[in-house]
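Q: Dropping in input.txt, which is compact mmCIF, C-alpha atoms and all ligand atoms:
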```txt
# COMPACT_ATOMS: atom_id res chain seq x y z
CA MET A 23 -123.20 155.98 -45.25
CA THR A 24 -120.36 157.88 -46.91
CA ALA A 25 -121.05 161.56 -47.25
CA LYS A 26 -121.09 163.45 -50.51
CA VAL A 27 -118.18 165.90 -50.53
CA ILE A 28 -119.36 169.46 -51.13
CA ASP A 29 -116.56 170.85 -53.28
CA GLY A 30 -116.15 174.49 -52.24
CA LYS A 31 -113.20 174.97 -54.57
CA ALA A 32 -115.25 174.11 -57.65
CA PHE A 33 -118.29 176.00 -56.38
CA ALA A 34 -116.19 179.11 -55.74
CA ALA A 35 -114.68 178.88 -59.22
CA GLY A 36 -118.24 178.91 -60.59
CA ILE A 37 -119.14 181.99 -58.53
CA ARG A 38 -115.99 183.79 -59.69
CA ALA A 39 -116.78 182.95 -63.32
CA LYS A 40 -120.31 184.28 -62.88
CA VAL A 41 -118.95 187.48 -61.32
CA ALA A 42 -116.41 187.90 -64.15
CA THR A 43 -119.12 187.49 -66.80
CA HIS A 44 -121.28 190.12 -65.14
CA VAL A 45 -118.32 192.48 -64.69
CA ALA A 46 -117.50 192.19 -68.42
CA ARG A 47 -121.12 193.06 -69.23
CA LEU A 48 -121.06 196.06 -66.85
CA LYS A 49 -117.94 197.34 -68.58
CA ALA A 50 -119.31 196.85 -72.08
CA GLU A 51 -122.85 198.10 -71.50
CA ASN A 52 -122.43 200.66 -68.71
CA GLY A 53 -118.77 201.69 -68.83
CA LEU A 54 -118.43 200.64 -65.18
CA THR A 55 -115.65 198.70 -63.46
CA PRO A 56 -116.38 197.56 -59.89
CA GLY A 57 -113.57 198.48 -57.49
CA LEU A 58 -112.57 196.88 -54.19
CA ALA A 59 -110.34 198.71 -51.71
CA VAL A 60 -108.58 196.58 -49.11
CA VAL A 61 -106.94 198.24 -46.13
CA LEU A 62 -104.23 196.28 -44.32
CA VAL A 63 -102.75 197.64 -41.11
CA GLY A 64 -99.47 196.09 -39.93
CA GLU A 65 -97.53 193.02 -40.99
CA ASP A 66 -99.58 190.06 -39.72
CA PRO A 67 -98.41 187.23 -42.04
CA ALA A 68 -101.82 185.50 -42.28
CA SER A 69 -103.52 188.82 -43.11
CA GLN A 70 -100.90 189.56 -45.76
CA VAL A 71 -101.61 186.21 -47.43
CA TYR A 72 -105.38 186.85 -47.41
CA VAL A 73 -104.98 190.38 -48.77
CA ARG A 74 -102.67 189.21 -51.59
CA SER A 75 -105.14 186.49 -52.52
CA LYS A 76 -108.09 188.90 -52.45
CA GLY A 77 -106.24 191.40 -54.68
CA LYS A 78 -105.27 188.70 -57.20
CA GLN A 79 -108.79 187.26 -57.46
CA THR A 80 -110.33 190.75 -57.71
CA VAL A 81 -108.16 191.55 -60.75
CA GLU A 82 -108.81 188.11 -62.28
CA ALA A 83 -112.56 188.85 -62.11
CA GLY A 84 -111.96 192.02 -64.14
CA MET A 85 -112.43 194.40 -61.21
CA ASN A 86 -110.14 197.15 -59.92
CA SER A 87 -108.18 196.34 -56.78
CA PHE A 88 -106.90 199.15 -54.56
CA GLU A 89 -104.55 198.09 -51.78
CA HIS A 90 -103.73 200.40 -48.88
CA LYS A 91 -100.98 199.16 -46.58
CA LEU A 92 -100.56 201.15 -43.40
CA ASP A 93 -97.90 200.92 -40.75
CA ALA A 94 -98.87 199.00 -37.58
CA THR A 95 -98.46 202.24 -35.62
CA VAL A 96 -100.93 204.26 -37.74
CA SER A 97 -103.16 206.53 -35.66
CA GLU A 98 -106.90 205.95 -35.48
CA SER A 99 -107.53 209.39 -36.98
CA ASP A 100 -105.30 208.64 -39.99
CA LEU A 101 -107.06 205.32 -40.56
CA LEU A 102 -110.48 206.99 -40.28
CA ALA A 103 -109.33 209.67 -42.74
CA LEU A 104 -108.43 206.93 -45.25
CA VAL A 105 -111.85 205.28 -44.77
CA ALA A 106 -113.53 208.67 -45.36
CA GLN A 107 -111.49 209.14 -48.54
CA LEU A 108 -112.52 205.69 -49.82
CA ASN A 109 -116.17 206.36 -48.90
CA ALA A 110 -116.06 209.46 -51.12
CA ASP A 111 -114.23 207.81 -54.04
CA PRO A 112 -116.70 206.87 -56.83
CA ALA A 113 -114.24 204.30 -58.25
CA VAL A 114 -114.43 202.34 -54.98
CA HIS A 115 -117.59 200.24 -54.58
CA GLY A 116 -116.37 197.95 -51.80
CA ILE A 117 -114.18 198.65 -48.77
CA LEU A 118 -112.67 195.95 -46.59
CA VAL A 119 -110.56 196.69 -43.54
CA GLN A 120 -108.63 193.50 -42.81
CA LEU A 121 -109.20 192.28 -39.25
CA PRO A 122 -107.79 191.90 -36.67
CA LEU A 123 -106.52 195.46 -36.25
CA PRO A 124 -103.66 196.28 -33.86
CA LYS A 125 -104.86 196.71 -30.28
CA HIS A 126 -104.63 200.52 -30.16
CA LEU A 127 -107.28 200.79 -32.90
CA ASN A 128 -111.00 200.45 -32.14
CA SER A 129 -112.28 197.94 -34.74
CA ASP A 130 -115.97 198.74 -34.12
CA LEU A 131 -115.34 202.45 -34.65
CA VAL A 132 -113.39 201.84 -37.86
CA ILE A 133 -115.87 199.33 -39.32
CA ASN A 134 -118.81 201.59 -38.52
CA ALA A 135 -117.06 204.49 -40.29
CA ILE A 136 -117.32 202.59 -43.61
CA ASP A 137 -120.22 203.65 -45.82
CA PRO A 138 -122.71 200.74 -45.25
CA ALA A 139 -123.34 200.58 -49.00
CA LYS A 140 -119.60 199.85 -49.51
CA ASP A 141 -119.28 197.51 -46.50
CA VAL A 142 -118.62 194.33 -48.49
CA ASP A 143 -117.73 192.39 -45.33
CA GLY A 144 -121.23 193.09 -43.98
CA PHE A 145 -119.93 193.96 -40.52
CA HIS A 146 -121.29 197.54 -40.27
CA ILE A 147 -123.95 197.84 -37.60
CA SER A 148 -126.49 198.99 -40.24
CA ASN A 149 -125.94 195.86 -42.30
CA VAL A 150 -126.15 193.69 -39.17
CA GLY A 151 -129.51 195.34 -38.37
CA LEU A 152 -130.80 195.02 -41.92
CA LEU A 153 -129.89 191.31 -42.04
CA GLY A 154 -131.49 190.77 -38.61
CA THR A 155 -134.74 192.35 -39.78
CA GLY A 156 -134.81 190.48 -43.08
CA GLN A 157 -134.05 193.51 -45.24
CA LYS A 158 -131.67 193.90 -48.16
CA SER A 159 -128.14 194.23 -46.77
CA MET A 160 -124.51 193.41 -47.46
CA VAL A 161 -124.16 189.85 -46.13
CA PRO A 162 -120.93 188.64 -44.43
CA CYS A 163 -118.95 186.55 -46.89
CA THR A 164 -118.29 183.31 -44.99
CA PRO A 165 -121.93 182.75 -43.91
CA LEU A 166 -123.10 183.78 -47.40
CA GLY A 167 -120.81 181.20 -49.01
CA SER A 168 -121.99 178.56 -46.56
CA LEU A 169 -125.65 179.37 -47.33
CA MET A 170 -125.01 179.13 -51.08
CA MET A 171 -123.51 175.66 -50.68
CA LEU A 172 -126.42 174.53 -48.49
CA ARG A 173 -129.01 175.79 -50.97
CA ASP A 174 -127.16 174.19 -53.85
CA HIS A 175 -126.98 170.83 -52.09
CA LEU A 176 -130.37 170.75 -50.36
CA GLY A 177 -132.62 173.03 -52.43
CA SER A 178 -135.17 174.46 -50.00
CA LEU A 179 -133.99 174.62 -46.37
CA SER A 180 -137.48 175.35 -45.08
CA GLY A 181 -138.44 173.52 -41.89
CA MET A 182 -135.04 171.94 -41.35
CA ASN A 183 -133.39 171.83 -37.93
CA ALA A 184 -130.12 173.76 -38.10
CA VAL A 185 -127.51 173.96 -35.36
CA VAL A 186 -124.81 176.62 -35.64
CA ILE A 187 -121.89 176.01 -33.29
CA GLY A 188 -120.29 179.38 -32.50
CA ARG A 189 -121.83 182.79 -31.89
CA SER A 190 -119.24 185.21 -33.28
CA ASN A 191 -120.37 188.38 -35.04
CA ILE A 192 -118.38 187.36 -38.11
CA VAL A 193 -119.69 183.83 -38.65
CA GLY A 194 -122.05 182.29 -36.08
CA LYS A 195 -124.65 185.03 -35.60
CA PRO A 196 -125.05 186.05 -39.26
CA MET A 197 -125.13 182.36 -40.26
CA ALA A 198 -128.00 181.80 -37.83
CA GLN A 199 -129.85 184.84 -39.25
CA LEU A 200 -129.45 183.55 -42.80
CA LEU A 201 -130.73 180.09 -41.88
CA LEU A 202 -133.68 181.67 -40.09
CA GLY A 203 -134.30 183.75 -43.22
CA ASP A 204 -134.53 180.46 -45.13
CA SER A 205 -137.09 179.20 -42.58
CA CYS A 206 -134.89 176.75 -40.70
CA THR A 207 -135.49 176.11 -37.01
CA VAL A 208 -132.20 177.43 -35.68
CA THR A 209 -130.26 176.66 -32.51
CA ILE A 210 -127.03 178.49 -31.73
CA ALA A 211 -124.61 176.52 -29.55
CA HIS A 212 -121.54 178.03 -27.86
CA SER A 213 -118.97 177.36 -25.16
CA ARG A 214 -121.58 177.40 -22.37
CA THR A 215 -124.09 175.13 -24.12
CA LYS A 216 -125.02 172.05 -22.10
CA ASN A 217 -125.36 168.64 -23.75
CA ILE A 218 -124.03 170.04 -27.00
CA GLU A 219 -123.61 166.61 -28.60
CA ALA A 220 -127.30 165.79 -28.07
CA ILE A 221 -128.35 169.17 -29.50
CA VAL A 222 -126.15 168.76 -32.58
CA ARG A 223 -127.50 165.23 -33.06
CA GLN A 224 -130.98 166.73 -33.68
CA ALA A 225 -129.72 168.78 -36.63
CA ASP A 226 -130.41 168.26 -40.31
CA ILE A 227 -127.84 171.01 -40.91
CA VAL A 228 -124.72 171.51 -38.77
CA VAL A 229 -122.52 174.58 -39.21
CA ALA A 230 -119.36 174.40 -37.12
CA ALA A 231 -117.62 177.76 -36.57
CA VAL A 232 -115.68 177.24 -33.39
CA GLY A 233 -111.93 177.34 -33.96
CA ARG A 234 -111.28 174.05 -32.13
CA PRO A 235 -109.60 171.37 -34.22
CA GLU A 236 -111.81 168.35 -34.93
CA MET A 237 -114.10 169.02 -31.98
CA VAL A 238 -117.23 167.65 -33.67
CA THR A 239 -117.03 163.88 -34.10
CA GLY A 240 -119.20 161.48 -36.05
CA ASP A 241 -121.20 160.41 -32.98
CA TRP A 242 -122.54 164.02 -32.77
CA ILE A 243 -124.00 163.81 -36.26
CA LYS A 244 -127.49 162.63 -37.22
CA PRO A 245 -127.24 160.10 -40.07
CA GLY A 246 -127.68 161.91 -43.38
CA ALA A 247 -127.19 165.44 -42.00
CA THR A 248 -125.40 168.12 -44.00
CA VAL A 249 -122.23 169.38 -42.30
CA ILE A 250 -120.63 172.73 -43.11
CA ASP A 251 -117.21 172.99 -41.49
CA VAL A 252 -116.15 176.63 -41.27
CA GLY A 253 -113.17 176.02 -39.00
CA ILE A 254 -109.62 176.59 -40.16
CA ASN A 255 -107.10 175.24 -37.67
CA ARG A 256 -103.40 174.59 -38.12
CA ILE A 257 -102.10 171.59 -36.20
CA GLU A 258 -99.01 169.38 -36.12
CA ARG A 259 -99.73 165.82 -37.26
CA ASP A 260 -97.13 163.15 -37.99
CA GLY A 261 -94.47 165.85 -37.92
CA LYS A 262 -96.31 167.94 -40.51
CA ASN A 263 -98.15 171.24 -40.25
CA VAL A 264 -101.67 170.56 -41.55
CA LEU A 265 -104.99 172.40 -41.86
CA VAL A 266 -108.02 170.80 -40.24
CA GLY A 267 -111.57 171.94 -39.60
CA ASP A 268 -113.72 172.02 -36.48
CA CYS A 269 -115.13 168.62 -37.48
CA ASP A 270 -113.28 165.34 -37.39
CA TYR A 271 -113.63 164.74 -41.11
CA ASP A 272 -113.39 160.94 -41.32
CA SER A 273 -115.83 160.12 -38.52
CA CYS A 274 -118.32 162.85 -39.57
CA ALA A 275 -118.14 161.84 -43.26
CA ALA A 276 -118.97 158.26 -42.27
CA VAL A 277 -122.35 159.41 -40.88
CA ALA A 278 -123.29 162.65 -42.67
CA GLY A 279 -125.16 162.90 -45.97
CA ALA A 280 -122.83 165.64 -47.18
CA ILE A 281 -119.84 167.51 -45.78
CA THR A 282 -117.46 170.31 -46.71
CA PRO A 283 -113.76 169.39 -46.52
CA VAL A 284 -111.01 171.53 -44.98
CA PRO A 285 -109.24 172.82 -46.96
CA GLY A 286 -111.35 173.18 -50.09
CA GLY A 287 -114.78 173.75 -48.54
CA VAL A 288 -115.96 177.03 -47.04
CA GLY A 289 -112.56 178.77 -47.35
CA PRO A 290 -112.57 179.37 -51.13
CA MET A 291 -116.21 180.52 -50.96
CA THR A 292 -115.32 183.41 -48.66
CA ILE A 293 -113.25 185.34 -51.22
CA ALA A 294 -115.65 184.40 -54.04
CA CYS A 295 -118.47 185.97 -51.99
CA LEU A 296 -116.35 189.07 -51.36
CA LEU A 297 -116.11 189.54 -55.14
CA ALA A 298 -119.84 188.88 -55.47
CA ASN A 299 -120.57 191.50 -52.78
CA THR A 300 -118.36 194.05 -54.54
CA LEU A 301 -120.24 193.48 -57.78
CA THR A 302 -123.58 193.73 -55.95
CA ALA A 303 -122.46 196.99 -54.28
CA CYS A 304 -121.46 198.45 -57.67
CA CYS A 305 -124.82 197.51 -59.22
CA ARG A 306 -126.76 198.98 -56.28
CA ALA A 307 -124.67 202.20 -56.30
CA ASN A 308 -125.53 202.70 -59.96
CA GLY A 309 -129.20 201.73 -59.78
CA LEU A 310 -128.63 198.63 -61.93
CA ALA A 311 -130.21 195.19 -61.58
CA GLU A 312 -128.23 192.91 -59.28
CA PRO A 313 -126.88 189.64 -60.66
CA GLU A 314 -129.05 186.72 -59.62
CA GLY A 315 -127.82 184.02 -57.25
CA LEU A 316 -124.91 186.04 -55.85
CA THR A 317 -126.48 187.28 -52.65
CA ALA A 318 -128.87 186.04 -50.00
P1 LIG B 401 -114.51 183.12 -32.63
O1 LIG B 401 -113.35 182.70 -31.79
O2 LIG B 401 -114.83 184.56 -32.75
O3 LIG B 401 -115.82 182.37 -32.09
C1 LIG B 401 -115.77 181.01 -31.74
C2 LIG B 401 -117.11 180.58 -31.20
O4 LIG B 401 -117.01 179.20 -30.85
C3 LIG B 401 -117.53 181.34 -29.95
O5 LIG B 401 -118.87 181.73 -30.03
C4 LIG B 401 -117.32 180.33 -28.82
O6 LIG B 401 -118.27 180.41 -27.78
C5 LIG B 401 -117.53 179.02 -29.54
N1 LIG B 401 -116.84 177.94 -28.85
C6 LIG B 401 -115.57 177.92 -28.40
N2 LIG B 401 -115.30 176.76 -27.79
C7 LIG B 401 -116.42 176.03 -27.84
C8 LIG B 401 -116.78 174.74 -27.38
N3 LIG B 401 -115.92 173.96 -26.72
N4 LIG B 401 -118.03 174.31 -27.60
C9 LIG B 401 -118.92 175.08 -28.26
N5 LIG B 401 -118.64 176.30 -28.73
C10 LIG B 401 -117.40 176.78 -28.53
O7 LIG B 401 -114.24 182.45 -34.04
P2 LIG B 401 -114.82 182.82 -35.51
O8 LIG B 401 -116.29 182.73 -35.52
O9 LIG B 401 -114.18 184.04 -36.02
O10 LIG B 401 -114.21 181.62 -36.35
C11 LIG B 401 -114.55 180.27 -36.07
C12 LIG B 401 -113.70 179.37 -36.94
O11 LIG B 401 -113.96 179.63 -38.28
C13 LIG B 401 -112.19 179.56 -36.76
O12 LIG B 401 -111.56 178.30 -36.95
C14 LIG B 401 -111.82 180.47 -37.91
O13 LIG B 401 -110.48 180.31 -38.32
C15 LIG B 401 -112.76 179.98 -38.97
N6 LIG B 401 -113.09 180.96 -40.00
C16 LIG B 401 -113.05 180.54 -41.29
C17 LIG B 401 -113.36 181.40 -42.30
C18 LIG B 401 -113.34 180.88 -43.70
O14 LIG B 401 -113.20 181.64 -44.63
N7 LIG B 401 -113.54 179.58 -43.88
C19 LIG B 401 -113.69 182.80 -42.06
C20 LIG B 401 -113.81 183.14 -40.65
C21 LIG B 401 -113.49 182.23 -39.66
P3 LIG B 401 -118.33 181.65 -26.75
O15 LIG B 401 -118.97 182.77 -27.52
O16 LIG B 401 -119.17 181.15 -25.65
O17 LIG B 401 -116.92 181.96 -26.36
```
Once you've parsed the file, please lay out its structure as C-alpha cells.
A:
Amino acid sequence: MTAKVIDGKAFAAGIRAKVATHVARLKAENGLTPGLAVVLVGEDPASQVYVRSKGKQTVEAGMNSFEHKLDATVSESDLLALVAQLNADPAVHGILVQLPLPKHLNSDLVINAIDPAKDVDGFHISNVGLLGTGQKSMVPCTPLGSLMMLRDHLGSLSGMNAVVIGRSNIVGKPMAQLLLGDSCTVTIAHSRTKNIEAIVRQADIVVAAVGRPEMVTGDWIKPGATVIDVGINRIERDGKNVLVGDCDYDSCAAVAGAITPVPGGVGPMTIACLLANTLTACCRANGLAEPEGLTA
C-alpha cells in the first residue's frame, strides 16, 4: 500500500482563506478587526522566524498584528506588566507569548497571567481544564490542526484506536484530549512506555510528537493506519541540513493509509490555527457567532 499524502500546506491555505473571508465580513458588518499580539523575549533565531511568519500571515488574513520585542534580560515584572496591558487592550483579541522564555522567567506564571479568553495558544491552566472537561476552550494550535486533518481525511473518528506518542503539555496531552473528545480509544505513549512498537501497531491513528528524528518506522504501523507526524527535526543528511519528522517517511508511507509529510504537514496548520483561534476569540469577545469548522 502507498499512503495518501495529507497535504497540510494546501489544507492550511484553505483555513487561512476561510479566516480571511470571515475577517472581511466582521469588518464590513460589525466594524471589527481581530488583533493578535505576539510577545518575543530575546533573540532566539528560530523564535524570530516563527514570530515573523505569524505576523505576516496575520496581516495577510486582514487582522491587526502587534509585535512586542523585549530584551532577553527583561524582568518578570516588566513582562507581566506588558501582559496586563494587552489583557486590557480592546484592540487585542489574542495574546501569544513565544516560548521558550529565557531561564530567569517563569513560563507558567507568565502564561497564566494571560486573560484565558485571549490565550490563543490554549496553554492557560483554565483552557487546559476546560478542554479536559469537554467544555468550550481555546484549543492549542498544533493539536487542533492535527485534529482538523484527521477529521477531514477520516470523517468520524468514533471508536478508533489512537496512539499519541509524546505527553508534552503543548502537543501530546491536548492531542489525546481532543481524540478522546472525538470518541477515540486513546493510548498515550512516552519515553518509559514498554513494547511501544506493539502498542503503536494496534493504532488506527498514530500521532507522533516526540522530537526524535525518524523514530517510528514502517514496521510499527498497522496497514492502512493514518499517521500524523508532528515532529520537526533538523538533521545532516548527505552533507545537507534537512528537516525530518518523528516518522521514517518512506517506510511508514509504504504501510500507512495516509500520512502527513515533513515539511508540509502539521507545521503549516499550526499558524493557520493560531489565526483561526484569534478570529474565534474576537467573535466570542463580541458575543458574535463563531465561524464553523475553525475550532474543535
Ligand atoms: P517535548 O520534548 O516537550 O516532548 C516529547 C515527548 O516525547 C515527551 O513526552 C517524551 O517522553 C516523549 N519521548 C521522548 N523520547 C521518546 C522515546 N524514545 N519513545 C517514546 N516517547 C519519547 O516535545 P514537544 O511535544 O514540544 O514536541 C514534539 C515534537 O513536535 C518536536 O519535534 C517539536 O519540534 C515538534 N513540534 C512541532 C510543532 C508543529 O507546528 N508542527 C509544534 C510543536 C512541536 P517523556 O515525557 O517520558 O520524557
Q: By how many Å are atom CA of A:Ala32 and atom CA of A:Ile281 apart?
A: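 So the answer is 14.3 Å.
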Q: Counting only C-alpha atoms and all ligand atoms, what are the residues, protein, DNA or RNA alike, that approach ligand LIG 401 (chain B) to within 9 Å? I want them as a ChimeraX atom specification.
A: /A:163-165,167-168,187-195,210-215,218,230-235,237,251-255,266-268,284-285,287-293
Q: Once you have the residues from the selection above, write them out as a PDB file, in the frame of the given file, restricted to C-alpha atoms.
A:
```pdb
ATOM      1  CA  CYS A 163    -118.950 186.550 -46.890  1.00  0.00           C
ATOM      2  CA  THR A 164    -118.290 183.310 -44.990  1.00  0.00           C
ATOM      3  CA  PRO A 165    -121.930 182.750 -43.910  1.00  0.00           C
ATOM      4  CA  GLY A 167    -120.810 181.200 -49.010  1.00  0.00           C
ATOM      5  CA  SER A 168    -121.990 178.560 -46.560  1.00  0.00           C
ATOM      6  CA  ILE A 187    -121.890 176.010 -33.290  1.00  0.00           C
ATOM      7  CA  GLY A 188    -120.290 179.380 -32.500  1.00  0.00           C
ATOM      8  CA  ARG A 189    -121.830 182.790 -31.890  1.00  0.00           C
ATOM      9  CA  SER A 190    -119.240 185.210 -33.280  1.00  0.00           C
ATOM     10  CA  ASN A 191    -120.370 188.380 -35.040  1.00  0.00           C
ATOM     11  CA  ILE A 192    -118.380 187.360 -38.110  1.00  0.00           C
ATOM     12  CA  VAL A 193    -119.690 183.830 -38.650  1.00  0.00           C
ATOM     13  CA  GLY A 194    -122.050 182.290 -36.080  1.00  0.00           C
ATOM     14  CA  LYS A 195    -124.650 185.030 -35.600  1.00  0.00           C
ATOM     15  CA  ILE A 210    -127.030 178.490 -31.730  1.00  0.00           C
ATOM     16  CA  ALA A 211    -124.610 176.520 -29.550  1.00  0.00           C
ATOM     17  CA  HIS A 212    -121.540 178.030 -27.860  1.00  0.00           C
ATOM     18  CA  SER A 213    -118.970 177.360 -25.160  1.00  0.00           C
ATOM     19  CA  ARG A 214    -121.580 177.400 -22.370  1.00  0.00           C
ATOM     20  CA  THR A 215    -124.090 175.130 -24.120  1.00  0.00           C
ATOM     21  CA  ILE A 218    -124.030 170.040 -27.000  1.00  0.00           C
ATOM     22  CA  ALA A 230    -119.360 174.400 -37.120  1.00  0.00           C
ATOM     23  CA  ALA A 231    -117.620 177.760 -36.570  1.00  0.00           C
ATOM     24  CA  VAL A 232    -115.680 177.240 -33.390  1.00  0.00           C
ATOM     25  CA  GLY A 233    -111.930 177.340 -33.960  1.00  0.00           C
ATOM     26  CA  ARG A 234    -111.280 174.050 -32.130  1.00  0.00           C
ATOM     27  CA  PRO A 235    -109.600 171.370 -34.220  1.00  0.00           C
ATOM     28  CA  MET A 237    -114.100 169.020 -31.980  1.00  0.00           C
ATOM     29  CA  ASP A 251    -117.210 172.990 -41.490  1.00  0.00           C
ATOM     30  CA  VAL A 252    -116.150 176.630 -41.270  1.00  0.00           C
ATOM     31  CA  GLY A 253    -113.170 176.020 -39.000  1.00  0.00           C
ATOM     32  CA  ILE A 254    -109.620 176.590 -40.160  1.00  0.00           C
ATOM     33  CA  ASN A 255    -107.100 175.240 -37.670  1.00  0.00           C
ATOM     34  CA  VAL A 266    -108.020 170.800 -40.240  1.00  0.00           C
ATOM     35  CA  GLY A 267    -111.570 171.940 -39.600  1.00  0.00           C
ATOM     36  CA  ASP A 268    -113.720 172.020 -36.480  1.00  0.00           C
ATOM     37  CA  VAL A 284    -111.010 171.530 -44.980  1.00  0.00           C
ATOM     38  CA  PRO A 285    -109.240 172.820 -46.960  1.00  0.00           C
ATOM     39  CA  GLY A 287    -114.780 173.750 -48.540  1.00  0.00           C
ATOM     40  CA  VAL A 288    -115.960 177.030 -47.040  1.00  0.00           C
ATOM     41  CA  GLY A 289    -112.560 178.770 -47.350  1.00  0.00           C
ATOM     42  CA  PRO A 290    -112.570 179.370 -51.130  1.00  0.00           C
ATOM     43  CA  MET A 291    -116.210 180.520 -50.960  1.00  0.00           C
ATOM     44  CA  THR A 292    -115.320 183.410 -48.660  1.00  0.00           C
ATOM     45  CA  ILE A 293    -113.250 185.340 -51.220  1.00  0.00           C
TER      46      ILE A 293
END
```
Q: Could you tell me which of A:His115, A:His146, A:Lys216, A:Lys26 comes closest to A:Ala278 if we count all atoms listed in the file?
A: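 Comparing A:His115, A:His146, A:Lys216, A:Lys26 against A:Ala278, the winner is A:Lys26.
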Q: Which one is closest to A:Asn86: A:Gly116, A:Gly240, A:Pro124, A:Gly181? Count all atoms listed in the file.
A: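 Nearest candidate to A:Asn86 out of A:Gly116, A:Gly240, A:Pro124, A:Gly181: A:Gly116.
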Q: What's the separation between atom CA of A:Leu58 and atom CA of A:Ala110, in Å to one decimal place?
A: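 That distance, rounded to one decimal, is 13.4 Å.
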Q: Quick one, how far is atom CA of A:Gly279 from atom CA of A:Thr248?
A: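 Between atom CA of A:Gly279 and atom CA of A:Thr248 the gap works out to 5.6 Å.
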Q: Using only C-alpha atoms, which of A:Leu153, A:Leu92, A:Val238, A:Leu201 sits nearest A:Glu219?
A: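 For A:Glu219, the nearest of the given residues is A:Val238.
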Q: Restricting the calculation to all atoms listed in the file: of A:Pro67, A:Ile221, A:Asp174, A:Val229, which residue gets closest to A:Met197?
A: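 Of the candidates, the smallest distance to A:Met197 is held by A:Val229.
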Q: Please identify all polymer residues within 8 Å of A:Tyr271, counting all atoms listed in the file, omitting same-chain residues fewer than 3 positions from it, and present them as a ChimeraX atom specification.
A: /A:236,239,267,274-275,283
Q: When distances are computed from only C-alpha atoms, which of A:Leu310, A:Met182, A:Met171, A:Val81 shows the smallest separation from A:Gly57?
A: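 Of the candidates, the smallest distance to A:Gly57 is held by A:Val81.
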Q: Excluding A:Lys76 and its own-chain neighbours fewer than 6 positions away, which residues fall within 10 Å of it when counting all atoms listed in the file? Please give them as a list of chain:residue names.
A: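 My reading of the contact set: A:Leu58, A:Val60, A:Gln70, A:Glu82, A:Ser87, A:Glu89, A:Thr292, A:Ile293, A:Ala294, A:Leu296, A:Leu297.
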Q: Quick one: residues within 9 Å of A:Ser180, all atoms listed in the file, excluding same-chain residues fewer than 2 positions away - as a list in words?
A: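 Those residues are Ser178, Met182, Asn183, Leu201, Leu202, Asp204, Ser205, Cys206 and Thr207 of chain A.
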